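So this one's target.txt, compact mmCIF, C-alpha atoms and all ligand atoms:
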```txt
# COMPACT_ATOMS: atom_id res chain seq x y z
CA MET M 598 71.18 101.31 91.67
CA ARG M 599 71.67 104.71 93.30
CA PRO M 600 75.08 106.33 92.92
CA ALA M 601 75.79 106.04 96.65
CA GLU M 602 75.01 102.34 96.57
CA ARG M 603 77.15 101.87 93.50
CA ALA M 604 80.02 103.66 95.19
CA ARG M 605 79.67 101.55 98.31
CA ARG M 606 79.45 98.26 96.46
CA GLY M 607 82.31 98.94 94.11
CA PRO M 608 85.07 96.41 94.67
CA ARG M 609 88.03 97.52 96.73
CA GLN M 610 90.82 97.50 94.30
CA ARG M 611 94.29 96.67 95.40
CA VAL M 612 95.71 95.14 92.35
CA SER M 613 99.14 94.66 91.01
CA GLY M 614 101.01 92.84 88.33
CA ARG M 615 99.49 90.12 86.21
CA LEU M 616 95.90 90.62 85.18
CA ALA M 617 93.87 89.08 82.42
CA ARG M 618 92.62 90.93 79.37
CA PRO M 619 94.34 94.31 79.61
CA VAL M 620 92.45 96.98 77.69
CA THR M 621 95.03 99.73 77.74
CA LEU M 622 98.70 99.47 78.43
CA GLU M 623 100.56 102.62 79.27
CA VAL M 624 104.33 102.51 79.42
CA ARG M 625 106.46 105.48 80.32
CA VAL M 626 110.16 105.92 80.24
CA ALA M 627 112.03 106.22 83.52
CA ARG M 628 113.83 109.54 83.99
CA SER M 629 115.17 108.95 87.47
CA SER M 630 116.07 106.10 89.79
CA ILE M 631 112.41 105.87 90.83
CA PRO M 632 110.52 103.77 88.31
CA ARG M 633 107.64 105.48 86.59
CA VAL M 634 104.21 104.05 87.11
CA PHE M 635 103.21 101.38 84.65
CA ALA M 636 99.46 101.08 84.54
CA VAL M 637 97.05 98.63 83.03
CA LEU M 638 93.44 99.73 82.83
CA ILE M 639 90.97 96.85 83.00
CA GLY M 640 87.39 98.02 83.05
CA ASP M 641 87.06 99.95 86.31
CA ALA M 642 90.20 98.50 87.82
CA LEU M 643 93.54 100.21 87.73
CA ALA M 644 96.47 97.91 88.13
CA VAL M 645 100.00 99.02 88.68
CA THR M 646 103.23 97.14 88.96
CA ASP M 647 104.80 95.91 92.14
CA GLU M 648 106.38 99.31 92.70
CA ILE M 649 103.26 101.34 93.44
CA SER M 650 99.78 100.15 94.40
CA LEU M 651 96.74 102.34 93.92
CA GLU M 652 93.66 101.71 96.00
CA TRP M 653 90.19 103.28 95.95
CA ARG M 654 88.90 103.98 99.47
CA GLY M 655 91.93 102.21 100.89
CA PRO M 656 92.80 102.77 104.54
CA ALA M 657 94.67 106.00 105.23
CA THR M 658 95.15 107.41 108.69
CA ASP M 659 95.01 111.05 109.68
CA ASP M 660 98.70 110.86 110.63
CA GLU M 661 99.64 109.54 107.18
CA ILE M 662 97.72 112.29 105.40
CA ILE M 663 99.33 114.94 107.61
CA ASP M 664 102.77 113.49 106.89
CA LEU M 665 102.08 113.59 103.13
CA VAL M 666 100.81 117.18 103.29
CA GLU M 667 103.82 118.26 105.33
CA SER M 668 106.21 116.49 102.96
CA ASN M 669 104.97 118.99 100.36
CA GLY M 670 105.56 121.92 102.69
CA GLY M 671 101.90 122.30 103.60
CA SER M 672 100.42 122.49 107.06
CA SER M 673 97.58 120.32 108.20
CA THR M 674 95.43 120.24 111.30
CA VAL M 675 95.31 117.08 113.37
CA GLY M 676 91.96 115.41 112.74
CA TRP M 677 91.58 117.01 109.31
CA TRP M 678 91.17 113.77 107.37
CA ASP M 679 88.90 112.20 109.99
CA GLN M 680 86.64 115.25 109.61
CA ILE M 681 86.70 115.28 105.80
CA ARG M 682 86.34 111.55 105.12
CA PRO M 683 82.60 111.18 105.90
CA TYR M 684 81.82 113.68 103.10
CA SER M 685 83.96 111.91 100.52
CA LEU M 686 82.66 109.83 97.65
CA GLY M 687 86.03 108.14 97.79
CA TRP M 688 89.74 108.68 97.66
CA VAL M 689 92.71 107.08 96.03
CA THR M 690 95.89 106.12 97.84
CA ALA M 691 99.22 105.27 96.27
CA ARG M 692 101.63 103.20 98.32
CA THR M 693 105.08 101.73 97.93
CA PRO M 694 105.55 97.98 98.51
CA ASP M 695 106.53 98.69 102.11
CA GLY M 696 103.29 100.59 102.65
CA MET M 697 104.48 104.19 102.58
CA LEU M 698 101.77 106.60 101.43
CA VAL M 699 103.26 108.43 98.44
CA GLY M 700 100.10 109.73 96.77
CA PHE M 701 96.56 110.73 97.59
CA VAL M 702 93.55 112.40 96.06
CA ASN M 703 90.08 112.94 97.52
CA VAL M 704 86.78 113.05 95.59
CA ALA M 705 84.04 115.08 97.29
CA TRP M 706 80.49 114.72 96.03
CA ASP M 707 77.19 116.58 95.84
CA GLY M 708 75.24 113.31 96.06
CA GLY M 709 74.26 113.54 92.39
CA ASP M 710 76.02 114.38 89.15
CA HIS M 711 78.92 116.47 90.45
CA ALA M 712 82.15 115.30 92.01
CA PHE M 713 85.04 117.50 93.08
CA LEU M 714 88.70 116.58 92.97
CA LEU M 715 90.54 117.83 96.04
CA ASP M 716 93.98 117.60 97.61
CA THR M 717 95.88 115.79 94.88
CA LYS M 718 99.29 115.09 96.35
CA THR M 719 102.38 113.11 95.52
CA ARG M 720 105.30 112.84 97.95
CA PRO M 721 108.15 114.97 96.54
CA SER M 722 110.51 111.96 96.47
CA HIS M 723 108.11 110.28 94.01
CA GLN M 724 106.91 113.22 91.91
CA HIS M 725 107.23 113.16 88.13
CA THR M 726 106.95 109.39 88.01
CA GLY M 727 103.33 109.34 86.83
CA ILE M 728 101.67 108.76 90.21
CA GLY M 729 99.64 111.99 90.17
CA THR M 730 98.22 111.24 86.74
CA GLU M 731 97.27 107.72 87.79
CA LEU M 732 95.65 108.95 91.01
CA VAL M 733 93.45 111.27 88.96
CA ARG M 734 92.74 108.59 86.39
CA ALA M 735 91.51 106.26 89.15
CA ALA M 736 89.39 109.08 90.63
CA VAL M 737 87.82 109.66 87.20
CA THR M 738 87.07 105.95 86.80
CA HIS M 739 85.39 105.65 90.17
CA ALA M 740 83.45 108.92 89.99
CA ARG M 741 82.06 107.74 86.66
CA ALA M 742 81.22 104.33 88.14
CA ALA M 743 79.33 106.10 90.94
CA GLY M 744 77.08 107.73 88.33
CA CYS M 745 78.63 111.21 88.33
CA GLU M 746 78.56 113.20 85.11
CA TRP M 747 81.02 115.96 85.97
CA LEU M 748 84.35 116.02 87.78
CA HIS M 749 85.48 119.51 88.81
CA VAL M 750 88.89 120.72 89.86
CA ASP M 751 90.50 124.08 90.44
CA TYR M 752 94.19 124.80 90.65
CA GLN M 753 96.88 127.42 90.46
CA PRO M 754 97.79 128.44 86.87
CA GLU M 755 101.19 126.76 87.08
CA LEU M 756 99.47 123.38 87.43
CA ALA M 757 97.70 123.63 84.07
CA ALA M 758 100.22 121.27 82.50
CA PHE M 759 99.33 118.65 85.09
CA TYR M 760 95.53 118.94 85.10
CA LEU M 761 94.89 119.89 81.47
CA ASP M 762 97.68 118.15 79.60
CA ALA M 763 98.48 115.12 81.75
CA CYS M 764 95.08 114.42 83.33
CA GLY M 765 92.78 115.50 80.50
CA PHE M 766 90.65 118.18 82.17
CA GLU M 767 89.17 120.88 79.95
CA SER M 768 89.54 124.50 80.91
CA THR M 769 86.28 126.21 81.82
CA GLU M 770 85.10 129.39 83.47
CA ALA M 771 84.40 129.05 87.15
CA GLY M 772 83.76 131.33 90.08
CA LEU M 773 85.04 131.38 93.60
CA ILE M 774 84.41 133.39 96.76
CA ASN M 775 86.68 133.24 99.76
CA LEU M 776 84.00 133.20 102.44
CA ARG M 777 86.47 133.97 105.19
CA ALA M 778 87.70 137.08 103.38
CA VAL M 779 84.33 138.80 102.80
C1 LIG M 801 100.67 118.28 91.29
C2 LIG M 801 101.21 116.93 91.73
C3 LIG M 801 100.09 116.15 92.45
C4 LIG M 801 101.67 116.13 90.49
O1 LIG M 801 102.06 114.85 90.93
P1 LIG M 801 103.08 113.94 90.10
O2 LIG M 801 102.96 112.57 90.67
O3 LIG M 801 104.43 114.53 90.10
O4 LIG M 801 102.45 114.01 88.64
P2 LIG M 801 102.88 113.21 87.32
O5 LIG M 801 104.18 112.52 87.53
O6 LIG M 801 101.73 112.34 86.94
O7 LIG M 801 103.05 114.41 86.27
C5 LIG M 801 102.65 114.27 84.92
C6 LIG M 801 102.94 115.57 84.21
O8 LIG M 801 102.17 116.64 84.78
C7 LIG M 801 102.97 117.84 84.78
N1 LIG M 801 103.25 118.25 86.15
C8 LIG M 801 103.40 117.47 87.24
N2 LIG M 801 103.62 118.20 88.33
C9 LIG M 801 103.63 119.48 87.93
C10 LIG M 801 103.79 120.71 88.62
N3 LIG M 801 104.03 120.77 89.95
N4 LIG M 801 103.72 121.85 87.92
C11 LIG M 801 103.48 121.82 86.58
N5 LIG M 801 103.31 120.68 85.87
C12 LIG M 801 103.38 119.51 86.55
C13 LIG M 801 104.27 117.51 84.05
O9 LIG M 801 104.07 117.78 82.68
C14 LIG M 801 104.36 116.02 84.30
O10 LIG M 801 105.13 115.38 83.32
P3 LIG M 801 106.73 115.21 83.55
O11 LIG M 801 106.89 114.43 84.79
O12 LIG M 801 107.17 114.48 82.32
O13 LIG M 801 107.28 116.60 83.70
C15 LIG M 801 102.43 117.08 92.66
O14 LIG M 801 103.35 117.98 92.03
C16 LIG M 801 102.12 117.63 94.04
O15 LIG M 801 101.76 116.85 94.94
N6 LIG M 801 102.27 118.95 94.25
C17 LIG M 801 102.09 119.56 95.55
C18 LIG M 801 100.63 119.61 95.95
C19 LIG M 801 99.78 120.33 94.91
O16 LIG M 801 100.08 121.42 94.48
N7 LIG M 801 98.65 119.67 94.57
C20 LIG M 801 97.69 120.20 93.62
C21 LIG M 801 96.49 120.72 94.37
S1 LIG M 801 95.34 121.51 93.23
```

Mind turning the file's structure into structure tokens?
Amino acid sequence: MRPAERARRGPRQRVSGRLARPVTLEVRVARSSIPRVFAVLIGDALAVTDEISLEWRGPATDDEIIDLVESNGGSSTVGWWDQIRPYSLGWVTARTPDGMLVGFVNVAWDGGDHAFLLDTKTRPSHQHTGIGTELVRAAVTHARAAGCEWLHVDYQPELAAFYLDACGFESTEAGLINLRAV
């Protein structure tokens, strides 16, 4: 099955709570009033507790993405997500039980072996509860399931603790040209 087909046919995963045959159980200690994410990895599916639900290719409106970006002090153009989405292998949303979007990451794709992690974001009110790490973990799982061999990311040096230590990326040399600056 071609990677695109695999990606399309992958089950939509909105899972929570009780699941059979957990393979890995990750438990973290709460440091604030917001519970940390408790995750159970079952094959390709990532289950979280009732507090936060992760979903691959779950619905997310342009307005919600803009709100999440702006909650982090960023600026976003109306229509940005509607423009980006057709070029995405998939994305992961994290929502509270009442549906608020508190986390997001997008996975762009070259149509073959390479996928690119973009726009990882957690709402400031929910940061440092493990959501970012679980968003990336779900992206890794689904990029692998789509047949990709490599997942790339770039980031500011201060985020090394997040991407390298928490998410498991390896540091590598990479190049970049700002095409609007040359
Ligand atoms: C980076 C970001 C997505 C992390 O989300 P998160 O949900 O808070 O991440 P986690 O709770 O899974 O963090 C796990 C660990 O990664 C590290 N980490 C998380 N955020 C970090 C940050 N901003 N700077 C440095 N290390 C960070 C910490 O070691 C953290 O463990 P701790 O909570 O015990 O301190 C979030 O800070 C964010 O949305 N930032 C603004 C947008 C941004 O810069 N995105 C990255 C684009 S490349």

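In terms of minimum interatomic distance to Ile663 in chain M, M:Val699 ranks closest within M:Cys745, M:Val699, M:Leu686, M:Leu714, counting only C-alpha atoms.
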
Å distance separating atom N4 of ligand LIG 801 (chain M) from CA of Thr719 in chain M, one decimal place: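 Separating atom N4 of ligand LIG 801 (chain M) from CA of Thr719 in chain M is a distance of 11.7 Å.
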
Can you tell me which residues sit at most 6 Å away from ligand LIG 801 (chain M), counting all atoms listed in the file, written as a ChimeraX atom specification? /M:669,716-719,724-730,752,755-756,758-759,763

Distance query range 654-660 of chain M at most 9 Å, only C-alpha atoms, self and fewer than 4 positions along chain excluded, as a PyMOL selection string: chain M and resi 609-611+664-665+675-679+686-690+698

So, counting only C-alpha atoms, which residue among M:Ala778, M:Ala771, M:Val702, M:Ala757 is closest to Ala735 in chain M?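 Using only C-alpha atoms, Ala735 in chain M sits closest to M:Val702.
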
Shell around Trp747 in chain M at 12 Å using all atoms listed in the file, local window under 3 positions removed, as JSON, numbers by chain: {"M": [704, 705, 706, 707, 708, 709, 710, 711, 712, 713, 714, 736, 737, 738, 739, 740, 741, 742, 743, 744, 750, 766, 767]}

Which of these, M:Arg777, M:Glu661, M:Glu652, M:Ser768, has the shortest distance to Pro754 in chain M once you count only C-alpha atoms? M:Ser768

Closest to Val733 in chain M among M:Ile649, M:Met697, M:Leu761, M:Ser673, using all atoms listed in the file?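 Among the listed residues, M:Leu761 lies closest to Val733 in chain M.
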
Point-to-point distance in Å for CA of Glu648 in chain M and CA of Pro721 in chain M: 16.2 Å

Separation of CA of Arg734 in chain M from CA of Gly700 in chain M in Å: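 Computed distance, CA of Gly700 in chain M to CA of Arg734 in chain M, equals 12.8 Å.
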
What does range 642-755 of chain M look like written to a file with C-alpha atoms, as a PDB file, in the first residue's frame?
```pdb
ATOM      1  CA  ALA M 642      -2.994   4.399  18.880  1.00  0.00           C
ATOM      2  CA  LEU M 643      -2.264   6.952  21.523  1.00  0.00           C
ATOM      3  CA  ALA M 644      -4.748   7.027  24.326  1.00  0.00           C
ATOM      4  CA  VAL M 645      -4.920   9.680  26.964  1.00  0.00           C
ATOM      5  CA  THR M 646      -7.067  10.088  30.009  1.00  0.00           C
ATOM      6  CA  ASP M 647     -10.321  11.963  30.176  1.00  0.00           C
ATOM      7  CA  GLU M 648      -8.450  15.218  30.687  1.00  0.00           C
ATOM      8  CA  ILE M 649      -6.867  15.574  27.258  1.00  0.00           C
ATOM      9  CA  SER M 650      -7.746  13.827  23.998  1.00  0.00           C
ATOM     10  CA  LEU M 651      -5.267  13.582  21.154  1.00  0.00           C
ATOM     11  CA  GLU M 652      -6.531  13.064  17.636  1.00  0.00           C
ATOM     12  CA  TRP M 653      -4.717  12.477  14.341  1.00  0.00           C
ATOM     13  CA  ARG M 654      -6.248  14.520  11.506  1.00  0.00           C
ATOM     14  CA  GLY M 655      -9.012  15.613  13.836  1.00  0.00           C
ATOM     15  CA  PRO M 656     -11.124  18.611  12.859  1.00  0.00           C
ATOM     16  CA  ALA M 657      -9.510  21.970  13.590  1.00  0.00           C
ATOM     17  CA  THR M 658     -10.793  25.228  12.198  1.00  0.00           C
ATOM     18  CA  ASP M 659      -8.713  28.121  10.967  1.00  0.00           C
ATOM     19  CA  ASP M 660     -10.123  30.253  13.809  1.00  0.00           C
ATOM     20  CA  GLU M 661      -9.042  27.696  16.421  1.00  0.00           C
ATOM     21  CA  ILE M 662      -5.506  27.519  15.044  1.00  0.00           C
ATOM     22  CA  ILE M 663      -5.265  31.314  14.973  1.00  0.00           C
ATOM     23  CA  ASP M 664      -6.480  31.485  18.566  1.00  0.00           C
ATOM     24  CA  LEU M 665      -3.857  28.927  19.632  1.00  0.00           C
ATOM     25  CA  VAL M 666      -1.072  30.771  17.806  1.00  0.00           C
ATOM     26  CA  GLU M 667      -2.128  34.085  19.322  1.00  0.00           C
ATOM     27  CA  SER M 668      -2.335  32.558  22.800  1.00  0.00           C
ATOM     28  CA  ASN M 669       1.421  32.017  22.431  1.00  0.00           C
ATOM     29  CA  GLY M 670       1.981  35.611  21.367  1.00  0.00           C
ATOM     30  CA  GLY M 671       2.324  34.769  17.687  1.00  0.00           C
ATOM     31  CA  SER M 672       0.491  36.354  14.798  1.00  0.00           C
ATOM     32  CA  SER M 673      -1.346  34.368  12.192  1.00  0.00           C
ATOM     33  CA  THR M 674      -3.032  35.259   8.937  1.00  0.00           C
ATOM     34  CA  VAL M 675      -6.692  34.434   8.478  1.00  0.00           C
ATOM     35  CA  GLY M 676      -6.913  31.454   6.135  1.00  0.00           C
ATOM     36  CA  TRP M 677      -3.441  30.209   7.049  1.00  0.00           C
ATOM     37  CA  TRP M 678      -4.514  26.734   8.161  1.00  0.00           C
ATOM     38  CA  ASP M 679      -6.966  26.309   5.280  1.00  0.00           C
ATOM     39  CA  GLN M 680      -4.062  27.029   2.920  1.00  0.00           C
ATOM     40  CA  ILE M 681      -1.578  24.726   4.679  1.00  0.00           C
ATOM     41  CA  ARG M 682      -3.837  21.734   5.351  1.00  0.00           C
ATOM     42  CA  PRO M 683      -3.948  20.284   1.797  1.00  0.00           C
ATOM     43  CA  TYR M 684      -0.142  19.831   1.923  1.00  0.00           C
ATOM     44  CA  SER M 685      -0.166  18.064   5.267  1.00  0.00           C
ATOM     45  CA  LEU M 686       0.380  14.369   5.805  1.00  0.00           C
ATOM     46  CA  GLY M 687      -1.565  14.886   8.995  1.00  0.00           C
ATOM     47  CA  TRP M 688      -1.740  16.828  12.194  1.00  0.00           C
ATOM     48  CA  VAL M 689      -2.402  16.129  15.821  1.00  0.00           C
ATOM     49  CA  THR M 690      -4.854  18.054  17.964  1.00  0.00           C
ATOM     50  CA  ALA M 691      -5.066  18.034  21.736  1.00  0.00           C
ATOM     51  CA  ARG M 692      -8.356  19.049  23.298  1.00  0.00           C
ATOM     52  CA  THR M 693      -9.804  19.410  26.752  1.00  0.00           C
ATOM     53  CA  PRO M 694     -13.044  17.555  27.588  1.00  0.00           C
ATOM     54  CA  ASP M 695     -15.029  20.677  26.698  1.00  0.00           C
ATOM     55  CA  GLY M 696     -13.391  20.769  23.272  1.00  0.00           C
ATOM     56  CA  MET M 697     -10.894  23.590  23.690  1.00  0.00           C
ATOM     57  CA  LEU M 698      -7.877  23.219  21.406  1.00  0.00           C
ATOM     58  CA  VAL M 699      -4.852  23.236  23.714  1.00  0.00           C
ATOM     59  CA  GLY M 700      -2.242  21.626  21.471  1.00  0.00           C
ATOM     60  CA  PHE M 701      -1.399  21.182  17.818  1.00  0.00           C
ATOM     61  CA  VAL M 702       1.366  19.962  15.569  1.00  0.00           C
ATOM     62  CA  ASN M 703       1.446  19.639  11.782  1.00  0.00           C
ATOM     63  CA  VAL M 704       3.360  17.042   9.749  1.00  0.00           C
ATOM     64  CA  ALA M 705       4.257  18.161   6.217  1.00  0.00           C
ATOM     65  CA  TRP M 706       5.444  15.553   3.744  1.00  0.00           C
ATOM     66  CA  ASP M 707       7.535  15.156   0.607  1.00  0.00           C
ATOM     67  CA  GLY M 708       5.317  12.291  -0.606  1.00  0.00           C
ATOM     68  CA  GLY M 709       8.039   9.744   0.150  1.00  0.00           C
ATOM     69  CA  ASP M 710      10.444   9.088   2.996  1.00  0.00           C
ATOM     70  CA  HIS M 711      10.630  12.543   4.562  1.00  0.00           C
ATOM     71  CA  ALA M 712       8.180  14.205   6.900  1.00  0.00           C
ATOM     72  CA  PHE M 713       8.598  17.590   8.549  1.00  0.00           C
ATOM     73  CA  LEU M 714       7.332  18.575  11.958  1.00  0.00           C
ATOM     74  CA  LEU M 715       5.943  22.103  11.966  1.00  0.00           C
ATOM     75  CA  ASP M 716       4.143  24.469  14.306  1.00  0.00           C
ATOM     76  CA  THR M 717       4.227  22.485  17.524  1.00  0.00           C
ATOM     77  CA  LYS M 718       2.145  24.468  19.967  1.00  0.00           C
ATOM     78  CA  THR M 719       0.663  24.073  23.412  1.00  0.00           C
ATOM     79  CA  ARG M 720      -1.631  26.705  24.920  1.00  0.00           C
ATOM     80  CA  PRO M 721       0.345  28.501  27.654  1.00  0.00           C
ATOM     81  CA  SER M 722      -2.257  27.571  30.299  1.00  0.00           C
ATOM     82  CA  HIS M 723      -1.477  23.899  29.613  1.00  0.00           C
ATOM     83  CA  GLN M 724       2.271  23.959  28.972  1.00  0.00           C
ATOM     84  CA  HIS M 725       4.618  21.746  30.960  1.00  0.00           C
ATOM     85  CA  THR M 726       1.952  19.108  31.459  1.00  0.00           C
ATOM     86  CA  GLY M 727       3.329  16.715  28.836  1.00  0.00           C
ATOM     87  CA  ILE M 728       1.012  17.669  25.964  1.00  0.00           C
ATOM     88  CA  GLY M 729       3.792  18.816  23.623  1.00  0.00           C
ATOM     89  CA  THR M 730       5.707  15.583  24.064  1.00  0.00           C
ATOM     90  CA  GLU M 731       2.588  13.522  23.392  1.00  0.00           C
ATOM     91  CA  LEU M 732       1.706  15.567  20.310  1.00  0.00           C
ATOM     92  CA  VAL M 733       5.147  14.818  18.881  1.00  0.00           C
ATOM     93  CA  ARG M 734       4.953  11.183  19.902  1.00  0.00           C
ATOM     94  CA  ALA M 735       1.659  10.825  18.016  1.00  0.00           C
ATOM     95  CA  ALA M 736       3.170  12.593  14.983  1.00  0.00           C
ATOM     96  CA  VAL M 737       6.098  10.157  15.048  1.00  0.00           C
ATOM     97  CA  THR M 738       3.750   7.174  15.244  1.00  0.00           C
ATOM     98  CA  HIS M 739       1.646   8.296  12.308  1.00  0.00           C
ATOM     99  CA  ALA M 740       4.526   9.420  10.102  1.00  0.00           C
ATOM    100  CA  ARG M 741       6.059   5.981  10.601  1.00  0.00           C
ATOM    101  CA  ALA M 742       2.727   4.314   9.817  1.00  0.00           C
ATOM    102  CA  ALA M 743       2.563   6.327   6.585  1.00  0.00           C
ATOM    103  CA  GLY M 744       5.865   4.765   5.500  1.00  0.00           C
ATOM    104  CA  CYS M 745       8.160   7.715   6.220  1.00  0.00           C
ATOM    105  CA  GLU M 746      11.737   6.981   7.243  1.00  0.00           C
ATOM    106  CA  TRP M 747      12.783  10.406   8.513  1.00  0.00           C
ATOM    107  CA  LEU M 748      11.058  13.056  10.591  1.00  0.00           C
ATOM    108  CA  HIS M 749      12.769  16.462  10.487  1.00  0.00           C
ATOM    109  CA  VAL M 750      12.382  19.424  12.776  1.00  0.00           C
ATOM    110  CA  ASP M 751      14.203  22.683  13.303  1.00  0.00           C
ATOM    111  CA  TYR M 752      13.942  24.936  16.309  1.00  0.00           C
ATOM    112  CA  GLN M 753      15.524  27.734  18.276  1.00  0.00           C
ATOM    113  CA  PRO M 754      18.441  26.594  20.493  1.00  0.00           C
ATOM    114  CA  GLU M 755      16.458  27.168  23.678  1.00  0.00           C
TER     115      GLU M 755
END
```
